[in-house]
$ cat my_file-v6.csv   # CSV, C-alpha atoms
chain,number,residue,atom,x,y,z
A,1,MET,CA,-203.9,-179.2,-62.0
A,2,THR,CA,-204.2,-182.3,-64.2
A,3,PHE,CA,-204.7,-185.8,-63.0
A,4,SER,CA,-202.1,-187.4,-65.1
A,5,GLU,CA,-199.0,-188.9,-63.4
A,6,ASN,CA,-196.8,-186.2,-64.9
A,7,GLY,CA,-199.1,-183.5,-63.6
A,8,PHE,CA,-198.8,-184.9,-60.0
A,9,ILE,CA,-195.0,-185.0,-60.3
A,10,LEU,CA,-195.0,-181.3,-61.5
A,11,ASP,CA,-197.2,-180.3,-58.6
A,12,ASP,CA,-195.0,-182.1,-56.1
A,13,LYS,CA,-191.9,-180.3,-57.4
A,14,THR,CA,-193.7,-177.1,-57.2
A,15,MET,CA,-194.7,-177.8,-53.6
A,16,LYS,CA,-191.1,-178.8,-52.7
A,17,THR,CA,-189.8,-175.6,-54.3
A,18,LYS,CA,-192.2,-173.5,-52.3
A,19,ASP,CA,-191.2,-175.3,-49.1
A,20,GLU,CA,-187.6,-174.7,-49.8
A,21,GLU,CA,-188.2,-171.0,-50.5
A,22,HIS,CA,-190.1,-170.7,-47.2
A,23,SER,CA,-187.3,-172.4,-45.3
A,24,LEU,CA,-184.7,-170.2,-46.8
A,25,ASN,CA,-186.8,-167.1,-46.0
A,26,LYS,CA,-187.2,-168.3,-42.5
A,27,CYS,CA,-183.5,-168.9,-42.0
A,28,SER,CA,-182.7,-165.5,-43.5
A,29,ALA,CA,-185.1,-163.8,-41.1
A,30,VAL,CA,-183.5,-165.7,-38.1
A,31,ALA,CA,-180.1,-164.7,-39.3
A,32,ASN,CA,-181.2,-161.1,-39.6
A,33,GLU,CA,-182.7,-161.2,-36.2
A,34,ASP,CA,-179.5,-162.6,-34.7
A,35,GLU,CA,-177.5,-159.9,-36.4
A,36,VAL,CA,-179.8,-157.3,-34.9
A,37,ILE,CA,-179.4,-158.8,-31.5
A,38,ARG,CA,-175.6,-159.0,-31.9
A,39,ARG,CA,-175.4,-155.3,-32.9
A,40,ASN,CA,-177.6,-154.2,-30.1
A,41,SER,CA,-175.5,-156.2,-27.6
A,42,GLU,CA,-172.4,-154.7,-29.0
A,43,ASN,CA,-173.8,-151.2,-28.7
A,44,LEU,CA,-174.9,-151.8,-25.1
A,45,ARG,CA,-171.4,-153.1,-24.3
A,46,LYS,CA,-169.8,-150.0,-25.8
A,47,GLU,CA,-172.3,-147.7,-23.9
A,48,PHE,CA,-171.5,-149.5,-20.6
A,49,ILE,CA,-167.7,-149.2,-21.1
A,50,LEU,CA,-168.1,-145.5,-22.1
A,51,GLY,CA,-170.3,-144.9,-19.0
A,52,LYS,CA,-167.9,-146.8,-16.8
A,53,ASN,CA,-165.0,-144.7,-18.0
A,54,ASN,CA,-167.0,-141.6,-17.3
A,55,ILE,CA,-167.9,-142.8,-13.8
A,56,PHE,CA,-164.3,-143.4,-12.8
A,57,GLN,CA,-163.3,-139.8,-13.7
A,58,ARG,CA,-162.2,-138.0,-10.6
A,59,ILE,CA,-164.8,-135.8,-9.0
A,60,ARG,CA,-162.9,-132.7,-7.9
A,61,SER,CA,-165.4,-131.6,-5.3
A,62,TYR,CA,-168.6,-132.8,-3.6
A,63,GLU,CA,-170.6,-130.2,-5.6
A,64,ASP,CA,-169.3,-131.6,-8.9
A,65,ALA,CA,-170.9,-135.0,-8.3
A,66,PRO,CA,-173.4,-135.7,-11.1
A,67,ARG,CA,-176.6,-135.6,-9.2
A,68,SER,CA,-180.0,-133.9,-8.9
A,69,SER,CA,-180.2,-134.9,-5.3
A,70,VAL,CA,-177.8,-136.2,-2.7
A,71,GLY,CA,-178.8,-139.8,-3.0
A,72,SER,CA,-178.7,-139.9,-6.8
A,73,SER,CA,-174.9,-139.7,-6.8
A,74,LEU,CA,-174.5,-143.0,-5.1
A,75,LEU,CA,-173.1,-145.8,-7.2
A,76,HIS,CA,-173.6,-149.5,-7.7
A,77,PHE,CA,-171.0,-152.2,-7.2
A,78,PRO,CA,-169.7,-152.4,-10.8
A,79,GLU,CA,-169.3,-148.7,-11.0
A,80,VAL,CA,-166.8,-148.2,-8.1
A,81,PRO,CA,-163.0,-148.6,-8.5
A,82,PRO,CA,-161.6,-152.2,-7.9
A,83,HIS,CA,-160.0,-151.3,-4.5
A,84,LEU,CA,-163.4,-150.5,-3.1
A,85,ARG,CA,-165.0,-153.7,-4.2
A,86,PHE,CA,-164.2,-155.8,-1.1
A,87,ASN,CA,-167.8,-157.1,-0.5
A,88,LYS,CA,-169.6,-158.3,-3.6
A,89,TYR,CA,-172.8,-158.8,-1.6
A,90,VAL,CA,-173.1,-155.0,-0.9
A,91,LEU,CA,-174.6,-154.0,-4.3
A,92,GLY,CA,-175.3,-150.3,-4.0
A,93,HIS,CA,-175.1,-147.0,-2.1
A,94,TYR,CA,-171.4,-146.5,-2.8
A,95,ARG,CA,-170.1,-142.9,-2.6
A,96,PRO,CA,-168.4,-141.6,-5.8
A,97,LEU,CA,-164.7,-140.5,-5.7
A,98,LEU,CA,-164.6,-137.3,-3.6
A,99,ASP,CA,-162.0,-134.9,-2.3
A,100,ILE,CA,-161.5,-134.2,1.4
A,101,ARG,CA,-164.4,-131.7,1.6
A,102,GLY,CA,-166.7,-134.2,-0.2
A,103,CYS,CA,-165.7,-137.0,2.1
A,104,ILE,CA,-166.5,-134.9,5.2
A,105,ALA,CA,-169.8,-133.7,3.6
A,106,SER,CA,-170.8,-137.4,3.1
A,107,LEU,CA,-171.6,-137.4,6.8
A,108,ALA,CA,-174.7,-135.4,6.0
A,109,TYR,CA,-176.4,-138.2,4.0
A,110,TRP,CA,-176.9,-141.9,4.2
A,111,HIS,CA,-174.6,-144.4,2.3
A,112,ASN,CA,-173.2,-147.9,2.9
A,113,GLU,CA,-170.4,-146.6,5.1
A,114,THR,CA,-172.5,-144.4,7.4
A,115,ILE,CA,-173.0,-147.1,10.1
A,116,ASN,CA,-169.3,-148.0,10.0
A,117,ILE,CA,-168.4,-144.3,10.6
A,118,LEU,CA,-170.9,-143.7,13.3
A,119,THR,CA,-170.3,-146.9,15.3
A,120,HIS,CA,-166.7,-145.9,15.8
A,121,ALA,CA,-166.8,-142.1,15.8
A,122,VAL,CA,-169.3,-142.1,18.7
A,123,PRO,CA,-167.0,-144.1,21.0
A,124,ILE,CA,-164.2,-141.5,20.4
A,125,ILE,CA,-166.4,-138.7,21.6
A,126,PHE,CA,-167.7,-140.7,24.5
A,127,ILE,CA,-164.3,-141.8,25.7
A,128,LEU,CA,-162.8,-138.3,25.4
A,129,LEU,CA,-165.6,-136.8,27.4
A,130,LEU,CA,-165.3,-139.4,30.1
A,131,ILE,CA,-161.5,-139.5,30.5
A,132,PRO,CA,-161.6,-137.8,33.9
A,133,ARG,CA,-164.0,-140.5,35.1
A,134,ILE,CA,-163.1,-143.5,32.9
A,135,LEU,CA,-160.7,-144.9,35.7
A,136,PRO,CA,-160.4,-144.3,39.4
A,137,TRP,CA,-157.3,-142.2,39.0
A,138,ASP,CA,-157.0,-141.4,42.7
A,139,VAL,CA,-156.8,-145.1,43.6
A,140,ILE,CA,-154.5,-146.3,40.8
A,141,THR,CA,-150.7,-146.0,41.6
A,142,ILE,CA,-149.4,-148.1,38.7
A,143,PRO,CA,-147.4,-145.9,36.3
A,144,PHE,CA,-147.8,-145.7,32.5
A,145,LEU,CA,-150.3,-148.6,32.2
A,146,PRO,CA,-153.5,-146.5,32.8
A,147,VAL,CA,-152.4,-144.0,30.0
A,148,ILE,CA,-151.6,-146.9,27.6
A,149,HIS,CA,-155.0,-148.4,28.4
A,150,VAL,CA,-156.9,-145.2,27.6
A,151,ALA,CA,-154.9,-144.8,24.4
A,152,ALA,CA,-155.7,-148.5,23.5
A,153,CYS,CA,-159.4,-147.8,24.0
A,154,LEU,CA,-159.3,-144.9,21.6
A,155,ALA,CA,-156.9,-146.3,19.0
A,156,PRO,CA,-159.1,-148.6,16.9
A,157,TRP,CA,-161.9,-146.1,16.6
A,158,VAL,CA,-159.7,-143.3,15.4
A,159,GLY,CA,-158.1,-145.4,12.7
A,160,SER,CA,-161.4,-147.0,11.7
A,161,THR,CA,-163.3,-143.6,11.5
A,162,PHE,CA,-160.6,-142.1,9.2
A,163,TYR,CA,-160.5,-145.2,7.1
A,164,HIS,CA,-164.2,-145.4,6.5
A,165,LEU,CA,-164.7,-141.7,6.1
A,166,PHE,CA,-161.9,-141.0,3.5
A,167,MET,CA,-161.7,-144.4,1.8
A,168,CYS,CA,-163.4,-143.0,-1.3
A,169,HIS,CA,-160.9,-140.1,-1.7
A,170,ASN,CA,-160.3,-139.2,-5.3
A,171,THR,CA,-156.5,-139.9,-5.2
A,172,GLY,CA,-157.5,-143.6,-5.4
A,173,GLN,CA,-155.7,-146.7,-4.2
A,174,THR,CA,-152.6,-144.9,-2.8
A,175,VAL,CA,-154.6,-143.1,-0.1
A,176,TYR,CA,-156.8,-146.1,0.4
A,177,ALA,CA,-153.8,-148.3,1.2
A,178,PHE,CA,-152.5,-145.7,3.7
A,179,LEU,CA,-155.8,-145.5,5.4
A,180,LEU,CA,-156.1,-149.3,5.6
A,181,LYS,CA,-152.7,-149.5,7.3
A,182,PHE,CA,-153.6,-146.7,9.6
A,183,ASP,CA,-156.8,-148.6,10.6
A,184,LEU,CA,-154.7,-151.8,11.1
A,185,PHE,CA,-152.3,-150.0,13.3
A,186,GLY,CA,-155.1,-148.9,15.6
A,187,ILE,CA,-156.4,-152.5,15.7
A,188,TRP,CA,-152.9,-153.7,16.5
A,189,PHE,CA,-152.4,-151.2,19.2
A,190,THR,CA,-155.5,-152.3,21.0
A,191,GLN,CA,-155.0,-156.0,20.4
A,192,THR,CA,-151.4,-155.9,21.7
A,193,LEU,CA,-150.6,-152.9,23.9
A,194,GLY,CA,-154.2,-152.8,25.1
A,195,ALA,CA,-153.7,-156.2,26.6
A,196,LEU,CA,-150.7,-155.1,28.6
A,197,VAL,CA,-152.8,-154.5,31.7
A,198,THR,CA,-154.2,-158.0,31.6
A,199,ILE,CA,-150.7,-159.5,31.0
A,200,CYS,CA,-149.0,-157.4,33.6
A,201,SER,CA,-151.6,-158.3,36.2
A,202,ALA,CA,-151.2,-162.1,35.4
A,203,ILE,CA,-147.4,-161.9,36.1
A,204,HIS,CA,-147.6,-159.1,38.7
A,205,CYS,CA,-146.4,-161.3,41.5
A,206,PHE,CA,-143.4,-162.7,39.7
A,207,GLU,CA,-139.8,-161.5,40.3
A,208,TYR,CA,-138.8,-158.3,38.6
A,209,GLN,CA,-136.3,-159.9,36.2
A,210,THR,CA,-138.8,-162.6,35.2
A,211,LYS,CA,-141.5,-160.0,34.5
A,212,ARG,CA,-139.1,-157.9,32.4
A,213,LEU,CA,-138.0,-160.9,30.2
A,214,LEU,CA,-141.6,-161.9,29.7
A,215,LEU,CA,-142.7,-158.4,28.7
A,216,VAL,CA,-139.7,-158.0,26.3
A,217,PHE,CA,-140.6,-161.3,24.7
A,218,TYR,CA,-144.3,-160.1,24.4
A,219,ILE,CA,-143.3,-156.8,22.8
A,220,LEU,CA,-141.1,-158.6,20.2
A,221,ILE,CA,-144.1,-160.8,19.3
A,222,CYS,CA,-146.3,-157.8,19.0
A,223,ILE,CA,-143.8,-156.1,16.6
A,224,LEU,CA,-143.7,-159.2,14.5
A,225,SER,CA,-147.5,-159.3,14.3
A,226,LEU,CA,-147.5,-155.6,13.3
A,227,TYR,CA,-145.1,-156.4,10.4
A,228,GLN,CA,-147.3,-159.3,9.3
A,229,ALA,CA,-150.5,-157.2,9.5
A,230,MET,CA,-148.9,-154.5,7.4
A,231,THR,CA,-147.5,-156.8,4.7
A,232,VAL,CA,-150.2,-159.4,4.0
A,233,SER,CA,-152.8,-158.6,1.3
A,234,THR,CA,-155.8,-160.8,2.3
A,235,THR,CA,-158.5,-160.3,4.9
A,236,TRP,CA,-157.9,-163.7,6.5
A,237,GLY,CA,-154.1,-163.0,6.4
A,238,ARG,CA,-154.6,-159.7,8.4
A,239,ARG,CA,-156.7,-161.5,10.9
A,240,PHE,CA,-154.2,-164.4,11.4
A,241,ALA,CA,-151.4,-161.8,11.9
A,242,PHE,CA,-152.8,-161.4,15.5
A,243,THR,CA,-152.7,-165.1,16.3
A,244,ALA,CA,-149.4,-164.9,18.3
A,245,PRO,CA,-150.4,-162.1,20.7
A,246,PHE,CA,-153.8,-163.8,21.1
A,247,SER,CA,-152.0,-167.1,22.0
A,248,ILE,CA,-150.0,-165.3,24.7
A,249,ARG,CA,-153.2,-163.7,26.1
A,250,VAL,CA,-154.7,-167.2,26.3
A,251,LEU,CA,-151.6,-168.5,28.2
A,252,CYS,CA,-151.9,-165.5,30.6
A,253,LEU,CA,-155.6,-166.3,31.1
A,254,MET,CA,-154.6,-169.9,32.1
A,255,LEU,CA,-152.0,-168.5,34.4
A,256,ARG,CA,-154.6,-166.2,36.0
A,257,LEU,CA,-156.8,-169.2,36.7
A,258,SER,CA,-154.0,-171.1,38.3
A,259,PRO,CA,-152.8,-170.7,41.9
A,260,TRP,CA,-149.6,-169.0,40.6
A,261,GLY,CA,-151.1,-166.2,38.5
A,262,GLY,CA,-152.2,-162.8,39.6
A,263,GLY,CA,-155.2,-160.6,38.6
A,264,ALA,CA,-158.3,-159.2,40.2
A,265,PRO,CA,-160.6,-162.0,41.4
A,266,ASN,CA,-163.7,-161.0,39.3
A,267,THR,CA,-162.1,-160.3,35.9
A,268,THR,CA,-162.3,-163.8,34.2
A,269,TYR,CA,-165.6,-163.1,32.5
A,270,TYR,CA,-164.4,-159.8,31.1
A,271,VAL,CA,-161.0,-161.3,29.9
A,272,VAL,CA,-162.8,-164.1,28.1
A,273,MET,CA,-165.5,-161.9,26.5
A,274,GLN,CA,-163.0,-159.3,25.2
A,275,ASP,CA,-161.4,-161.9,22.9
A,276,LEU,CA,-164.5,-164.0,22.3
A,277,LEU,CA,-166.5,-161.0,21.0
A,278,ALA,CA,-163.6,-159.9,18.8
A,279,ILE,CA,-163.2,-163.3,17.3
A,280,ILE,CA,-166.9,-163.7,16.5
A,281,GLY,CA,-167.0,-160.2,15.0
A,282,GLY,CA,-163.9,-160.9,12.9
A,283,TYR,CA,-165.3,-164.1,11.6
A,284,ILE,CA,-168.7,-162.6,10.7
A,285,GLY,CA,-166.9,-159.8,8.8
A,286,ALA,CA,-164.7,-162.2,6.9
A,287,VAL,CA,-167.5,-164.6,5.7
A,288,ASN,CA,-170.0,-161.7,4.8
A,289,ILE,CA,-172.9,-163.0,6.8
A,290,PRO,CA,-175.9,-162.2,6.6
A,291,GLU,CA,-175.6,-160.1,3.3
A,292,LYS,CA,-174.4,-163.2,1.5
A,293,TRP,CA,-177.9,-164.7,2.0
A,294,TYR,CA,-179.7,-161.4,1.0
A,295,PRO,CA,-177.4,-159.6,-1.6
A,296,GLY,CA,-178.3,-156.0,-1.9
A,297,LYS,CA,-180.8,-156.0,0.9
A,298,MET,CA,-178.4,-155.0,3.7
A,299,ASP,CA,-176.3,-152.3,2.0
A,300,LEU,CA,-177.3,-149.6,4.4
A,301,VAL,CA,-177.7,-151.4,7.7
A,302,PHE,CA,-177.0,-154.8,9.4
A,303,ASN,CA,-174.5,-156.2,7.0
A,304,SER,CA,-171.5,-158.2,8.3
A,305,HIS,CA,-169.2,-155.2,8.7
A,306,HIS,CA,-171.8,-153.3,10.7
A,307,ILE,CA,-172.2,-156.3,13.0
A,308,MET,CA,-168.5,-156.6,13.4
A,309,HIS,CA,-168.2,-152.9,14.3
A,310,VAL,CA,-170.7,-153.3,17.1
A,311,LEU,CA,-169.2,-156.5,18.5
A,312,VAL,CA,-165.6,-155.0,18.6
A,313,VAL,CA,-167.0,-152.0,20.5
A,314,ALA,CA,-168.5,-154.4,23.0
A,315,ALA,CA,-165.2,-156.3,23.1
A,316,VAL,CA,-163.2,-153.1,24.0
A,317,TYR,CA,-165.7,-152.3,26.7
A,318,GLN,CA,-165.0,-155.8,28.2
A,319,MET,CA,-161.3,-155.1,27.9
A,320,HIS,CA,-161.8,-151.8,29.8
A,321,LYS,CA,-163.8,-153.4,32.6
A,322,ALA,CA,-161.1,-156.0,33.1
A,323,ALA,CA,-158.3,-153.4,33.0
A,324,GLU,CA,-160.1,-151.2,35.5
A,325,LEU,CA,-160.4,-154.0,38.0
A,326,ASP,CA,-156.8,-155.2,37.4
A,327,LEU,CA,-155.3,-151.7,37.8
A,328,VAL,CA,-157.0,-151.2,41.1
A,329,TRP,CA,-155.9,-154.7,42.2
A,330,MET,CA,-152.2,-154.1,41.2
A,331,SER,CA,-152.3,-150.8,43.1
A,332,SER,CA,-153.3,-152.6,46.3
A,333,ASP,CA,-150.7,-153.5,48.9
A,334,SER,CA,-152.3,-156.9,49.5
A,335,ALA,CA,-152.5,-157.8,45.8
A,336,CYS,CA,-150.2,-160.9,46.0
A,337,GLN,CA,-151.1,-162.2,49.5
A,338,ASN,CA,-153.0,-165.2,48.2
A,339,ILE,CA,-150.6,-166.1,45.3
A,340,ILE,CA,-148.7,-169.4,46.0
A,341,PHE,CA,-145.7,-168.4,43.9
A,342,HIS,CA,-145.3,-165.1,45.8
A,343,GLN,CA,-145.6,-166.9,49.2
A,344,ASN,CA,-142.8,-169.2,48.3
A,345,LEU,CA,-140.3,-166.4,47.5

$ encode --input "my_file-v6.csv" --output "structure tokens"
Amino acid sequence: MTFSENGFILDDKTMKTKDEEHSLNKCSAVANEDEVIRRNSENLRKEFILGKNNIFQRIRSYEDAPRSSVGSSLLHFPEVPPHLRFNKYVLGHYRPLLDIRGCIASLAYWHNETINILTHAVPIIFILLLIPRILPWDVITIPFLPVIHVAACLAPWVGSTFYHLFMCHNTGQTVYAFLLKFDLFGIWFTQTLGALVTICSAIHCFEYQTKRLLLVFYILICILSLYQAMTVSTTWGRRFAFTAPFSIRVLCLMLRLSPWGGGAPNTTYYVVMQDLLAIIGGYIGAVNIPEKWYPGKMDLVFNSHHIMHVLVVAAVYQMHKAAELDLVWMSSDSACQNIIFHQNL
């Protein structure tokens, strides 16, 4: 290096040239690194799509499930078909698509539908075993209503058990839609015809023609609610389909509390609780609490659908207790002695 002015200028140019070359090399390295990242991301995306397509292939039998143990066949939320992704906060432990044998065999291991199946299958067995003692048959003289009541106690559990057990059947959304409607029909039967005992006891002391007109009107409302429940496509829509029958039950409760209504004297608590527990359970199931606060932590137990199942079982028990008291009361010869409307006839 010289100490002349020109020497310094040459050295500055040399330094600038080296800086420019360094910057270019750095930019080139960054560009190469971005290209590598882009290619890796593209490869991962292709692998995910390929794996997803393989996952959705139908599994012909339970033994064909790709697993080294029972638990390893369970899938995560993105891996299941769209019609089974109804709770985005339950992140894992989904069964793969199975045939009938595989669905039944899934009772032998734990997955995110196990609690849903057990909480409604156990009441079926319990009620069937207790039918001879579930009501005081020797005291009740009212026709038809006791049988309808027992059927209403069974209906929601039968539909729900079949729905949760076979919802992952490998025929896909067609069978799922049928099972969902079957489940809804069981709920409808209990919510509407299951309330017949309560409604009939409230109007028990009315004239025959009046009772017949009121019951025909109620049955028409129930048919309309069934149509709405079967045709709507949203969770809240299916729940609101039962608003009209619920409103009639509320009116009958008000009638029972008045001097003009019938019903066993000690049934008010059970009548209120049967709907209150069902409403609370339906709301919890719709808003996905508590798994919304802890995603993936409650896949196997204590998520909103599990809580709802337990609450509706308790609600049907309350319905049964009210119906038992009302059926005995209606069978009594002195049922309407203290009813003002009956006394004025």

$ residues_around --input "my_file-v6.csv" --residues "range 326-334 of chain A" --least-positions-apart "5" --cutoff "6 Å" --atoms "only C-alpha atoms" --output "PyMOL selection string"
chain A and resi 140-142+263-264

$ closest_residue --input "my_file-v6.csv" --among "A:Val139, A:Leu300, A:Asp99, A:His93" --to "Gly172 in chain A" --atoms "all atoms listed in the file"
A:Asp99

$ closest_atom_pairs --input "my_file-v6.csv" --of "range 163-250 of chain A" --to "range 270-286 of chain A" --cutoff "8 Å" --atoms "only C-alpha atoms" --output "tab-separated table"
residue	atom	partner	partner_atom	distance
A:Thr198	CA	A:Val271	CA	7.7
A:Thr235	CA	A:Ala286	CA	6.8
A:Trp236	CA	A:Ala286	CA	7.0
A:Arg239	CA	A:Gly282	CA	7.5

$ write_last_selection --input "my_file-v6.csv" --atoms "C-alpha atoms" --output "compact mmCIF listing (two decimals), keeping the file's coordinate frame"
# COMPACT_ATOMS: atom_id res chain seq x y z
CA THR A 198 -154.20 -158.00 31.60
CA THR A 235 -158.50 -160.30 4.90
CA TRP A 236 -157.90 -163.70 6.50
CA ARG A 239 -156.70 -161.50 10.90

$ closest_residue --input "my_file-v6.csv" --among "A:Met230, A:Phe162, A:Leu196, A:Trp188" --to "Phe242 in chain A" --atoms "all atoms listed in the file"
A:Trp188

$ atom_distance --input "my_file-v6.csv" --atom1 "CA of Val80 in chain A" --atom2 "CA of Gly159 in chain A"
22.7 Å

$ closest_residue --input "my_file-v6.csv" --among "A:Cys200, A:Ser247, A:Leu135, A:Asp299" --to "Leu75 in chain A" --atoms "only C-alpha atoms"
A:Asp299

$ atom_distance --input "my_file-v6.csv" --atom1 "CA of Ala335 in chain A" --atom2 "CA of Asp138 in chain A"
17.3 Å

$ residues_near_point --input "my_file-v6.csv" --point "(-176.0, -155.8, 8.1)" --cutoff "10 Å" --atoms "all atoms listed in the file" --output "PyMOL selection string"
chain A and resi 90+112+115+285+288-291+294+297-308

$ residues_around --input "my_file-v6.csv" --residues "His164 in chain A" --least-positions-apart "5" --cutoff "8 Å" --atoms "all atoms listed in the file" --output "list of chain:residue names"
A:Glu113, A:Asn116, A:Ile117

$ closest_residue --input "my_file-v6.csv" --among "A:Thr171, A:Thr161, A:Thr190, A:Ser106" --to "Thr119 in chain A" --atoms "all atoms listed in the file"
A:Thr161

$ closest_residue --input "my_file-v6.csv" --among "A:Val216, A:Leu98, A:Ala315, A:Val250" --to "Pro156 in chain A" --atoms "only C-alpha atoms"
A:Ala315

$ closest_atom_pairs --input "my_file-v6.csv" --of "range 174-203 of chain A" --to "range 166-169 of chain A" --cutoff "9 Å" --atoms "all atoms listed in the file" --output "CSV"
residue,atom,partner,partner_atom,distance
A:Val175,CA,A:His169,CA,7.2
A:Tyr176,CA,A:Met167,CA,5.4
A:Ala177,CA,A:Met167,CA,8.8
A:Leu179,CA,A:Met167,CA,7.0
A:Leu180,CA,A:Met167,CA,8.4

$ write_last_selection --input "my_file-v6.csv" --atoms "C-alpha atoms" --output "compact mmCIF listing (two decimals), in the frame of the given file"
# COMPACT_ATOMS: atom_id res chain seq x y z
CA VAL A 175 -154.60 -143.10 -0.10
CA TYR A 176 -156.80 -146.10 0.40
CA ALA A 177 -153.80 -148.30 1.20
CA LEU A 179 -155.80 -145.50 5.40
CA LEU A 180 -156.10 -149.30 5.60

$ atom_distance --input "my_file-v6.csv" --atom1 "CA of Ile219 in chain A" --atom2 "CA of Ala195 in chain A"
11.1 Å

$ closest_residue --input "my_file-v6.csv" --among "A:Lys181, A:Ile187, A:Gly237, A:Tyr218" --to "Val316 in chain A" --atoms "all atoms listed in the file"
A:Ile187

$ decode --input "my_file-v6.csv" --residues "range 204-267 of chain A" --atoms "C-alpha atoms" --output "PDB file, in the first residue's frame"
ATOM      1  CA  HIS A 204    -106.320 -35.583  33.840  1.00  0.00           C
ATOM      2  CA  CYS A 205    -109.299 -33.872  35.460  1.00  0.00           C
ATOM      3  CA  PHE A 206    -110.472 -32.059  32.307  1.00  0.00           C
ATOM      4  CA  GLU A 207    -113.437 -33.230  30.249  1.00  0.00           C
ATOM      5  CA  TYR A 208    -112.748 -36.072  27.799  1.00  0.00           C
ATOM      6  CA  GLN A 209    -113.219 -33.935  24.672  1.00  0.00           C
ATOM      7  CA  THR A 210    -110.927 -31.238  25.994  1.00  0.00           C
ATOM      8  CA  LYS A 211    -108.232 -33.764  26.826  1.00  0.00           C
ATOM      9  CA  ARG A 212    -108.504 -35.356  23.394  1.00  0.00           C
ATOM     10  CA  LEU A 213    -108.148 -32.004  21.571  1.00  0.00           C
ATOM     11  CA  LEU A 214    -105.158 -31.002  23.672  1.00  0.00           C
ATOM     12  CA  LEU A 215    -103.427 -34.332  23.096  1.00  0.00           C
ATOM     13  CA  VAL A 216    -104.045 -34.213  19.333  1.00  0.00           C
ATOM     14  CA  PHE A 217    -102.583 -30.715  19.251  1.00  0.00           C
ATOM     15  CA  TYR A 218     -99.561 -31.888  21.231  1.00  0.00           C
ATOM     16  CA  ILE A 219     -98.976 -34.875  18.926  1.00  0.00           C
ATOM     17  CA  LEU A 220     -99.059 -32.579  15.866  1.00  0.00           C
ATOM     18  CA  ILE A 221     -96.485 -30.300  17.516  1.00  0.00           C
ATOM     19  CA  CYS A 222     -94.331 -33.353  18.220  1.00  0.00           C
ATOM     20  CA  ILE A 223     -94.495 -34.490  14.585  1.00  0.00           C
ATOM     21  CA  LEU A 224     -93.451 -31.021  13.453  1.00  0.00           C
ATOM     22  CA  SER A 225     -90.492 -31.034  15.842  1.00  0.00           C
ATOM     23  CA  LEU A 226     -89.446 -34.458  14.508  1.00  0.00           C
ATOM     24  CA  TYR A 227     -89.446 -33.098  10.956  1.00  0.00           C
ATOM     25  CA  GLN A 228     -87.334 -30.124  12.015  1.00  0.00           C
ATOM     26  CA  ALA A 229     -84.871 -32.308  13.924  1.00  0.00           C
ATOM     27  CA  MET A 230     -84.429 -34.588  10.909  1.00  0.00           C
ATOM     28  CA  THR A 231     -83.935 -31.812   8.358  1.00  0.00           C
ATOM     29  CA  VAL A 232     -81.679 -29.252  10.068  1.00  0.00           C
ATOM     30  CA  SER A 233     -77.920 -29.646   9.686  1.00  0.00           C
ATOM     31  CA  THR A 234     -76.505 -27.756  12.687  1.00  0.00           C
ATOM     32  CA  THR A 235     -76.089 -28.769  16.323  1.00  0.00           C
ATOM     33  CA  TRP A 236     -77.992 -25.747  17.637  1.00  0.00           C
ATOM     34  CA  GLY A 237     -80.699 -26.250  14.993  1.00  0.00           C
ATOM     35  CA  ARG A 238     -81.329 -29.809  16.192  1.00  0.00           C
ATOM     36  CA  ARG A 239     -81.559 -28.615  19.771  1.00  0.00           C
ATOM     37  CA  PHE A 240     -83.986 -25.796  18.956  1.00  0.00           C
ATOM     38  CA  ALA A 241     -86.195 -28.270  17.079  1.00  0.00           C
ATOM     39  CA  PHE A 242     -87.476 -29.413  20.482  1.00  0.00           C
ATOM     40  CA  THR A 243     -88.426 -25.912  21.614  1.00  0.00           C
ATOM     41  CA  ALA A 244     -92.164 -26.269  20.876  1.00  0.00           C
ATOM     42  CA  PRO A 245     -92.691 -29.519  22.870  1.00  0.00           C
ATOM     43  CA  PHE A 246     -90.610 -28.032  25.669  1.00  0.00           C
ATOM     44  CA  SER A 247     -92.838 -24.935  25.719  1.00  0.00           C
ATOM     45  CA  ILE A 248     -95.920 -27.127  26.075  1.00  0.00           C
ATOM     46  CA  ARG A 249     -94.293 -28.981  28.963  1.00  0.00           C
ATOM     47  CA  VAL A 250     -93.630 -25.649  30.664  1.00  0.00           C
ATOM     48  CA  LEU A 251     -97.281 -24.671  30.235  1.00  0.00           C
ATOM     49  CA  CYS A 252     -98.334 -28.001  31.717  1.00  0.00           C
ATOM     50  CA  LEU A 253     -96.014 -27.410  34.664  1.00  0.00           C
ATOM     51  CA  MET A 254     -97.706 -24.040  35.262  1.00  0.00           C
ATOM     52  CA  LEU A 255    -101.061 -25.782  35.025  1.00  0.00           C
ATOM     53  CA  ARG A 256     -99.956 -28.375  37.591  1.00  0.00           C
ATOM     54  CA  LEU A 257     -98.989 -25.613  39.999  1.00  0.00           C
ATOM     55  CA  SER A 258    -102.372 -23.920  39.607  1.00  0.00           C
ATOM     56  CA  PRO A 259    -105.588 -24.958  41.391  1.00  0.00           C
ATOM     57  CA  TRP A 260    -106.977 -26.250  38.072  1.00  0.00           C
ATOM     58  CA  GLY A 261    -104.222 -28.692  37.111  1.00  0.00           C
ATOM     59  CA  GLY A 262    -103.724 -32.303  38.084  1.00  0.00           C
ATOM     60  CA  GLY A 263    -100.671 -34.367  38.937  1.00  0.00           C
ATOM     61  CA  ALA A 264     -99.257 -36.131  41.950  1.00  0.00           C
ATOM     62  CA  PRO A 265     -98.563 -33.679  44.789  1.00  0.00           C
ATOM     63  CA  ASN A 266     -94.830 -34.393  45.174  1.00  0.00           C
ATOM     64  CA  THR A 267     -93.705 -34.417  41.533  1.00  0.00           C
TER      65      THR A 267
END
